[in-house]
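Before any comments, here is the structure.
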Amino acid sequence: MRIAGVELSADLRLESVEWAKLPGERLREAGRNARLGVHGKYPEPPVAVVRIGGIVGFGLSFIRKETAEGMIGTPVYEFFEENGAVKEPYRSLEFPLLDWLGKAAGKPVYDLFRRADAPSAADGVRIPCYDTSLYFDDLHMEDDPAAAEWMRREAEEGKSLGHRHFKIKVGRGARWMDPAAGLKRDIAVIRAVAEVAGPEGKVMIDANNGYTLNQLKEVLRQTPDLYWVEEAFHEDRVLYEDLREWMAKHDIRAMIADGEGDASPHLMDWAQAGVVDVVQYDIIVPGFSAWLGIGAKLDQCGVLSAPHSYGTIIGNYVGGHLAGAIRGFQFVEWDEGDAAGVDRSAYRVEDGAVTIPNLPGFGLGLDLERFAKERAASGWRIG
């Protein structure tokens, strides 16, 4: 049977599933955003390992033990659509299965799904990425210039790691500061980070629905060169259309991006109607396979794709594999950090882009002994 052009034996079945939380560590503690408190420095990405026909696949997974029990012995062809997408009932194991499929094919996941006119991973594919680590790390400071300098230094740190594009959390006045003072601080920070990015870098803002329409307009008046504004307020077609009309009047070309959080069920319709420019559903939920269909629809109507990926560390390394399938793919969202036992050394961020490794699967390594240790502490094994 052929899956994504790979000939697979009909006898192959899922032999075992292991699951554990891996200790992770970010470069620095991630602070607050407009809604939530401190995000912390030590995420624990949940990882599953599958074994099929002597090949190991692994990746992010929130699968429950009882769900995994029901999958043991399932023929491998049941998991996949003919094009290689994971069928919806099995998407709690989506990333381990896709990693396995790439390894079975001897190809990067990127190459399993790329368009005929997209370059292959063997050609040295580089996908634009942005530093997403600029949270409200300045709230302990009373002085706006000092706070802006603090955030500038964080952006400089990202630049030293190869980033040229930055997304900044804004909306300090929604919860953590006086509204007027918070807006003033947001603007000061945007200007400081824009200086680090320079004329070639792209700067985005993400308000986590913490702005009003008029607050966003004031930010855009004072920082008109933003690349996009993300989740400025909860999705509302009336407000979006007002914003578009106002931006056109003032020759402001920032794009409207949305979809990361509790997105409106009408978002895709609004995107197809030209009200939203960039759609950002999460890479984990609804997931990679769902994004193959979402991205194809967005390509048809000229809307851009930028899957959200934050908080799992390993999410950094899966989003870029969609770029070969989606013509309008914009950026990999990059949350710098490491997870215990995961070798991500094949990925390089240089000059604002990440290189997709020409390695099977997602191009990550896993220390199985270290994983077994973490599984004994926090997880389980079936099969």
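Ligands are numbered from 1 in the order shown, residues from 1 within each chain, and chains are lettered A, B, ... in the order they appear in the structure tokens.
The shell of residues at most 12 Å from A:Glu157, with only C-alpha atoms counted and near chain neighbours (fewer than 5 positions) removed, consists of A:Leu27, A:Arg28, A:Asp131, A:Ser133, A:Leu134, A:Trp150, A:Met151, A:Arg152, A:Gly162, A:His163, A:Arg164, A:Phe166, A:Val193, A:Val196, A:Ala197, A:Glu336.
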Point to revise | Residue set, stretch 126-348 of chain A restricted to alpha helix (DSSP H), as a ChimeraX atom specification | key: /A:144-160,179-197,213-222,237-249,267-272,288-300
**Message:** I'd like to know which of A:Asp225, A:Gln300, A:Ala372, A:Ser289 is closest to A:Pro199, using only C-alpha atoms.
**Reply:**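 Closest candidate: A:Asp225.
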Discussion item. I need the residue nearest A:Glu142 from this list: A:Arg2, A:Arg126, A:Arg185, A:Arg191. Use only C-alpha atoms for the distance.
Written reply: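 Once distances to A:Glu142 are computed over only C-alpha atoms, the minimum belongs to A:Arg185.
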With 12 Å as the cut-off and only C-alpha atoms counted, what is the closest atom pair between each nearby residue of stretch 168-232 of chain A and stretch 33-52 of chain A? Distances in Å to one decimal, ordered by chain and number, as a Markdown table.
| residue | atom | partner | partner_atom | distance |
| --- | --- | --- | --- | --- |
| A:Ile168 | CA | A:Asn33 | CA | 9.7 |
| A:Lys169 | CA | A:Asn33 | CA | 6.1 |
| A:Val170 | CA | A:Ala34 | CA | 6.6 |
| A:Gly171 | CA | A:Ala34 | CA | 5.0 |
| A:Arg172 | CA | A:Ala34 | CA | 5.7 |
| A:Gly173 | CA | A:Ala34 | CA | 7.6 |
| A:Ala174 | CA | A:Ala34 | CA | 5.8 |
| A:Arg175 | CA | A:Ala34 | CA | 6.3 |
| A:Trp176 | CA | A:Ala34 | CA | 7.5 |
| A:Met177 | CA | A:Ala34 | CA | 9.9 |
| A:Pro179 | CA | A:Ala34 | CA | 11.3 |
| A:Gly182 | CA | A:Ala34 | CA | 10.2 |
| A:Leu183 | CA | A:Ala34 | CA | 11.4 |
| A:Asp186 | CA | A:Ala34 | CA | 11.0 |
| A:Ile205 | CA | A:Asn33 | CA | 11.4 |
| A:Asp206 | CA | A:Asn33 | CA | 8.9 |
| A:Ala207 | CA | A:Ala34 | CA | 6.3 |
| A:Asn208 | CA | A:Ala34 | CA | 5.9 |
| A:Asn209 | CA | A:Ala34 | CA | 7.5 |
| A:Gly210 | CA | A:Ala34 | CA | 5.5 |
| A:Tyr211 | CA | A:Ala34 | CA | 8.8 |
| A:Glu231 | CA | A:Ala34 | CA | 10.7 |
| A:Ala232 | CA | A:Ala34 | CA | 10.3 |
Determine, using only C-alpha atoms, which residues of stretch 274-383 of chain A have any atom at most 8 Å from an atom of stretch 55-61 of chain A, and tabulate each with its shortest atom pair and distance in Å to one decimal place, rows ordered by chain and then rising number, as CSV.
residue,atom,partner,partner_atom,distance
A:Thr312,CA,A:Leu60,CA,7.9
A:Ile314,CA,A:Leu60,CA,7.0
A:Gly315,CA,A:Leu60,CA,7.6
A:Gly361,CA,A:Gly57,CA,7.8
A:Leu366,CA,A:Phe58,CA,8.0
For the strand (DSSP E or B) assignment from backbone DSSP, which residues of stretch 93-304 of chain A qualify? Please present them as a VMD selection string. chain A and resid 108 126 to 134 136 166 to 169 203 to 206 228 to 230 255 to 258 278 to 279 282 286 304
List the spatial neighbours of A:Val349 as a PDB file with C-alpha atoms, in the first residue's frame - criterion: any atom at most 9 Å away, only C-alpha atoms, same-chain residues fewer than 2 positions off excluded.
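Full text of result_32.pdb as output:
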ATOM      1  CA  ARG A 126      15.424  27.985   4.806  1.00  0.00           C
ATOM      2  CA  CYS A 129      11.158  32.487  11.598  1.00  0.00           C
ATOM      3  CA  LEU A 161      20.919  33.793  18.115  1.00  0.00           C
ATOM      4  CA  GLY A 162      20.209  34.474  14.438  1.00  0.00           C
ATOM      5  CA  HIS A 163      16.808  36.186  14.596  1.00  0.00           C
ATOM      6  CA  TYR A 347      18.266  22.939  13.078  1.00  0.00           C
ATOM      7  CA  ASP A 351      19.793  35.602   9.429  1.00  0.00           C
ATOM      8  CA  GLY A 352      16.114  35.327  10.312  1.00  0.00           C
ATOM      9  CA  ALA A 353      15.444  31.850   8.926  1.00  0.00           C
ATOM     10  CA  VAL A 354      15.627  28.242  10.101  1.00  0.00           C
ATOM     11  CA  THR A 355      17.117  25.508   7.928  1.00  0.00           C
TER      12      THR A 355
END
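Non-sequential neighbours of A:Phe331 (distance at most 9 Å, separation of 3 or more positions within a chain, only C-alpha atoms) are Ile127, Pro128, Cys129, Tyr130, Ser305, Ala306, Pro307, Gly319, Gly320, Ala323, Trp334 and Ala353 of chain A.
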Would you write out those residues with C-alpha atoms, as a PDB file, in the first residue's frame?
ATOM      1  CA  ILE A 127      12.094  29.088   6.297  1.00  0.00           C
ATOM      2  CA  PRO A 128      11.642  32.564   7.830  1.00  0.00           C
ATOM      3  CA  CYS A 129      11.158  32.487  11.598  1.00  0.00           C
ATOM      4  CA  TYR A 130      10.620  35.045  14.334  1.00  0.00           C
ATOM      5  CA  SER A 305      -0.639  31.118   6.924  1.00  0.00           C
ATOM      6  CA  ALA A 306       1.381  31.449  10.137  1.00  0.00           C
ATOM      7  CA  PRO A 307       0.681  28.533  12.499  1.00  0.00           C
ATOM      8  CA  GLY A 319       5.850  24.006  11.795  1.00  0.00           C
ATOM      9  CA  GLY A 320       8.472  24.637   9.133  1.00  0.00           C
ATOM     10  CA  ALA A 323       6.125  25.375   4.374  1.00  0.00           C
ATOM     11  CA  TRP A 334      10.379  30.257  17.534  1.00  0.00           C
ATOM     12  CA  ALA A 353      15.444  31.850   8.926  1.00  0.00           C
TER      13      ALA A 353
END
Excluding same-chain residues fewer than 4 positions from A:Tyr281, what lies within 7 Å of it counting only C-alpha atoms, as number ranges by chain?
A: 259-260, 307-308
Let me see the file: selected residues, all heavy atoms, as a PDB file, in the first residue's frame.
ATOM      1  N   GLY A 259      -6.505  33.990  15.107  1.00  0.00           N
ATOM      2  CA  GLY A 259      -6.840  32.574  15.060  1.00  0.00           C
ATOM      3  C   GLY A 259      -6.140  31.714  16.074  1.00  0.00           C
ATOM      4  O   GLY A 259      -6.449  30.531  16.211  1.00  0.00           O
ATOM      5  N   GLU A 260      -5.194  32.286  16.819  1.00  0.00           N
ATOM      6  CA  GLU A 260      -4.390  31.473  17.736  1.00  0.00           C
ATOM      7  C   GLU A 260      -5.219  30.860  18.857  1.00  0.00           C
ATOM      8  O   GLU A 260      -5.127  29.678  19.148  1.00  0.00           O
ATOM      9  CB  GLU A 260      -3.285  32.338  18.345  1.00  0.00           C
ATOM     10  CG  GLU A 260      -2.603  31.711  19.556  1.00  0.00           C
ATOM     11  CD  GLU A 260      -1.871  32.716  20.407  1.00  0.00           C
ATOM     12  OE1 GLU A 260      -1.445  33.761  19.890  1.00  0.00           O
ATOM     13  OE2 GLU A 260      -1.730  32.435  21.611  1.00  0.00           O
ATOM     14  N   PRO A 307       1.138  29.341  11.370  1.00  0.00           N
ATOM     15  CA  PRO A 307       0.681  28.533  12.499  1.00  0.00           C
ATOM     16  C   PRO A 307       1.300  28.971  13.826  1.00  0.00           C
ATOM     17  O   PRO A 307       2.516  29.182  13.921  1.00  0.00           O
ATOM     18  CB  PRO A 307       1.137  27.118  12.132  1.00  0.00           C
ATOM     19  CG  PRO A 307       1.239  27.129  10.645  1.00  0.00           C
ATOM     20  CD  PRO A 307       1.702  28.510  10.296  1.00  0.00           C
ATOM     21  N   HIS A 308       0.451  29.104  14.834  1.00  0.00           N
ATOM     22  CA  HIS A 308       0.913  29.421  16.178  1.00  0.00           C
ATOM     23  C   HIS A 308       1.649  28.221  16.762  1.00  0.00           C
ATOM     24  O   HIS A 308       1.252  27.068  16.579  1.00  0.00           O
ATOM     25  CB  HIS A 308      -0.290  29.764  17.063  1.00  0.00           C
ATOM     26  CG  HIS A 308       0.031  29.875  18.514  1.00  0.00           C
ATOM     27  ND1 HIS A 308      -0.194  28.856  19.409  1.00  0.00           N
ATOM     28  CD2 HIS A 308       0.555  30.894  19.231  1.00  0.00           C
ATOM     29  CE1 HIS A 308       0.175  29.242  20.615  1.00  0.00           C
ATOM     30  NE2 HIS A 308       0.635  30.473  20.541  1.00  0.00           N
TER      31      HIS A 308
END
Neighbour list for A:Gly324 as a PDB file with N, CA, C and O atoms, in the first residue's frame, cut-off 12 Å, only C-alpha atoms, skip fewer than 5 positions in-chain:
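part07.pdb written:
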ATOM      1  N   PRO A 108      12.617  13.786   4.946  1.00  0.00           N
ATOM      2  CA  PRO A 108      12.039  14.738   5.889  1.00  0.00           C
ATOM      3  C   PRO A 108      10.530  14.813   5.704  1.00  0.00           C
ATOM      4  O   PRO A 108      10.018  14.643   4.579  1.00  0.00           O
ATOM      5  N   VAL A 109       9.805  15.076   6.779  1.00  0.00           N
ATOM      6  CA  VAL A 109       8.363  15.280   6.667  1.00  0.00           C
ATOM      7  C   VAL A 109       8.076  16.373   5.650  1.00  0.00           C
ATOM      8  O   VAL A 109       7.118  16.285   4.869  1.00  0.00           O
ATOM      9  N   TYR A 110       8.900  17.405   5.623  1.00  0.00           N
ATOM     10  CA  TYR A 110       8.758  18.492   4.647  1.00  0.00           C
ATOM     11  C   TYR A 110       8.614  17.945   3.228  1.00  0.00           C
ATOM     12  O   TYR A 110       7.736  18.366   2.461  1.00  0.00           O
ATOM     13  N   ASP A 111       9.460  16.984   2.863  1.00  0.00           N
ATOM     14  CA  ASP A 111       9.460  16.460   1.491  1.00  0.00           C
ATOM     15  C   ASP A 111       8.279  15.533   1.220  1.00  0.00           C
ATOM     16  O   ASP A 111       7.895  15.337   0.058  1.00  0.00           O
ATOM     17  N   LEU A 112       7.696  14.963   2.267  1.00  0.00           N
ATOM     18  CA  LEU A 112       6.517  14.120   2.056  1.00  0.00           C
ATOM     19  C   LEU A 112       5.337  14.928   1.521  1.00  0.00           C
ATOM     20  O   LEU A 112       4.491  14.399   0.797  1.00  0.00           O
ATOM     21  N   PHE A 113       5.294  16.218   1.891  1.00  0.00           N
ATOM     22  CA  PHE A 113       4.107  17.017   1.591  1.00  0.00           C
ATOM     23  C   PHE A 113       4.363  18.219   0.679  1.00  0.00           C
ATOM     24  O   PHE A 113       3.431  18.930   0.333  1.00  0.00           O
ATOM     25  N   ARG A 114       5.592  18.445   0.276  1.00  0.00           N
ATOM     26  CA  ARG A 114       5.885  19.665  -0.472  1.00  0.00           C
ATOM     27  C   ARG A 114       5.228  19.666  -1.850  1.00  0.00           C
ATOM     28  O   ARG A 114       5.014  18.619  -2.467  1.00  0.00           O
ATOM     29  N   ARG A 115       4.922  20.876  -2.309  1.00  0.00           N
ATOM     30  CA  ARG A 115       4.384  21.074  -3.657  1.00  0.00           C
ATOM     31  C   ARG A 115       5.441  20.703  -4.696  1.00  0.00           C
ATOM     32  O   ARG A 115       6.639  20.750  -4.421  1.00  0.00           O
ATOM     33  N   ALA A 116       4.987  20.396  -5.880  1.00  0.00           N
ATOM     34  CA  ALA A 116       5.922  20.020  -6.945  1.00  0.00           C
ATOM     35  C   ALA A 116       6.889  21.147  -7.272  1.00  0.00           C
ATOM     36  O   ALA A 116       8.036  20.897  -7.676  1.00  0.00           O
ATOM     37  N   ASP A 117       6.437  22.408  -7.081  1.00  0.00           N
ATOM     38  CA  ASP A 117       7.307  23.533  -7.426  1.00  0.00           C
ATOM     39  C   ASP A 117       8.074  24.073  -6.232  1.00  0.00           C
ATOM     40  O   ASP A 117       8.755  25.100  -6.340  1.00  0.00           O
ATOM     41  N   ALA A 118       7.998  23.407  -5.073  1.00  0.00           N
ATOM     42  CA  ALA A 118       8.737  23.846  -3.888  1.00  0.00           C
ATOM     43  C   ALA A 118      10.094  23.153  -3.849  1.00  0.00           C
ATOM     44  O   ALA A 118      10.223  21.994  -4.265  1.00  0.00           O
ATOM     45  N   PRO A 119      11.134  23.818  -3.366  1.00  0.00           N
ATOM     46  CA  PRO A 119      12.449  23.173  -3.275  1.00  0.00           C
ATOM     47  C   PRO A 119      12.421  22.027  -2.273  1.00  0.00           C
ATOM     48  O   PRO A 119      11.617  22.014  -1.342  1.00  0.00           O
ATOM     49  N   SER A 120      13.291  21.045  -2.465  1.00  0.00           N
ATOM     50  CA  SER A 120      13.369  19.926  -1.531  1.00  0.00           C
ATOM     51  C   SER A 120      14.324  20.277  -0.395  1.00  0.00           C
ATOM     52  O   SER A 120      15.134  21.206  -0.498  1.00  0.00           O
ATOM     53  N   ALA A 121      14.224  19.516   0.703  1.00  0.00           N
ATOM     54  CA  ALA A 121      15.116  19.752   1.840  1.00  0.00           C
ATOM     55  C   ALA A 121      16.573  19.562   1.451  1.00  0.00           C
ATOM     56  O   ALA A 121      17.468  20.186   2.029  1.00  0.00           O
ATOM     57  N   VAL A 125      16.647  24.093   2.314  1.00  0.00           N
ATOM     58  CA  VAL A 125      15.481  24.956   2.489  1.00  0.00           C
ATOM     59  C   VAL A 125      15.613  25.772   3.773  1.00  0.00           C
ATOM     60  O   VAL A 125      15.876  25.233   4.848  1.00  0.00           O
ATOM     61  N   ARG A 126      15.395  27.086   3.651  1.00  0.00           N
ATOM     62  CA  ARG A 126      15.424  27.985   4.806  1.00  0.00           C
ATOM     63  C   ARG A 126      14.073  28.678   4.906  1.00  0.00           C
ATOM     64  O   ARG A 126      13.612  29.295   3.954  1.00  0.00           O
ATOM     65  N   ILE A 127      13.439  28.568   6.075  1.00  0.00           N
ATOM     66  CA  ILE A 127      12.094  29.088   6.297  1.00  0.00           C
ATOM     67  C   ILE A 127      12.181  30.274   7.251  1.00  0.00           C
ATOM     68  O   ILE A 127      12.777  30.157   8.329  1.00  0.00           O
ATOM     69  N   LEU A 292      -2.744  21.097   6.654  1.00  0.00           N
ATOM     70  CA  LEU A 292      -2.575  20.828   5.221  1.00  0.00           C
ATOM     71  C   LEU A 292      -3.808  21.262   4.448  1.00  0.00           C
ATOM     72  O   LEU A 292      -3.712  21.870   3.378  1.00  0.00           O
ATOM     73  N   GLY A 295      -4.296  25.307   4.997  1.00  0.00           N
ATOM     74  CA  GLY A 295      -3.365  26.069   4.173  1.00  0.00           C
ATOM     75  C   GLY A 295      -3.738  26.062   2.703  1.00  0.00           C
ATOM     76  O   GLY A 295      -3.600  27.078   2.010  1.00  0.00           O
ATOM     77  N   ALA A 296      -4.234  24.916   2.230  1.00  0.00           N
ATOM     78  CA  ALA A 296      -4.655  24.839   0.818  1.00  0.00           C
ATOM     79  C   ALA A 296      -5.815  25.789   0.549  1.00  0.00           C
ATOM     80  O   ALA A 296      -5.843  26.486  -0.483  1.00  0.00           O
ATOM     81  N   GLY A 319       6.594  23.070  12.631  1.00  0.00           N
ATOM     82  CA  GLY A 319       5.850  24.006  11.795  1.00  0.00           C
ATOM     83  C   GLY A 319       6.475  24.246  10.438  1.00  0.00           C
ATOM     84  O   GLY A 319       5.776  24.320   9.416  1.00  0.00           O
ATOM     85  N   PHE A 329       2.823  30.260   3.357  1.00  0.00           N
ATOM     86  CA  PHE A 329       3.415  30.095   4.689  1.00  0.00           C
ATOM     87  C   PHE A 329       4.351  31.273   4.979  1.00  0.00           C
ATOM     88  O   PHE A 329       5.230  31.593   4.180  1.00  0.00           O
ATOM     89  N   GLN A 330       4.174  31.887   6.153  1.00  0.00           N
ATOM     90  CA  GLN A 330       4.916  33.103   6.479  1.00  0.00           C
ATOM     91  C   GLN A 330       6.123  32.879   7.374  1.00  0.00           C
ATOM     92  O   GLN A 330       7.236  33.268   7.038  1.00  0.00           O
ATOM     93  N   ILE A 356      15.637  23.672   7.340  1.00  0.00           N
ATOM     94  CA  ILE A 356      14.988  22.377   7.522  1.00  0.00           C
ATOM     95  C   ILE A 356      16.026  21.286   7.252  1.00  0.00           C
ATOM     96  O   ILE A 356      16.579  21.221   6.144  1.00  0.00           O
TER      97      ILE A 356
END
- Tell me, as a PyMOL selection string, which residues lie within 9 Å of A:Phe80, counting only C-alpha atoms; anything in the same chain fewer than 5 positions away does not count. chain A and resi 3-4+85-87+90+97
Resulting file, chosen residues, N, CA, C and O atoms, as a compact mmCIF listing (two decimals), in the first residue's frame:
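Listed below is the output, out-v1.txt:
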# COMPACT_ATOMS: atom_id res chain seq x y z
N ILE A 3 1.46 5.20 0.81
CA ILE A 3 1.05 6.36 1.61
C ILE A 3 2.06 7.47 1.34
O ILE A 3 3.26 7.28 1.54
N ALA A 4 1.60 8.62 0.87
CA ALA A 4 2.49 9.74 0.53
C ALA A 4 3.62 9.28 -0.38
O ALA A 4 4.76 9.72 -0.23
N ALA A 85 -1.44 12.52 5.36
CA ALA A 85 -2.05 13.17 6.52
C ALA A 85 -2.57 12.11 7.48
O ALA A 85 -3.02 11.03 7.06
N VAL A 86 -2.48 12.40 8.77
CA VAL A 86 -2.98 11.47 9.78
C VAL A 86 -4.50 11.63 9.89
O VAL A 86 -5.01 12.76 9.98
N LYS A 87 -5.22 10.52 9.87
CA LYS A 87 -6.67 10.56 9.97
C LYS A 87 -7.09 11.13 11.34
O LYS A 87 -6.43 10.89 12.35
N TYR A 90 -6.87 9.53 14.90
CA TYR A 90 -5.55 9.14 15.40
C TYR A 90 -4.62 10.35 15.64
O TYR A 90 -3.42 10.16 15.85
N LEU A 97 3.56 9.71 14.61
CA LEU A 97 3.27 8.95 13.38
C LEU A 97 3.89 9.61 12.16
O LEU A 97 4.42 8.92 11.27
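The shortest atom-to-atom distance to A:Leu216, with only C-alpha atoms taken into account, belongs to A:Leu239 out of A:Ala376, A:Leu239, A:Ala194, A:Ile326.
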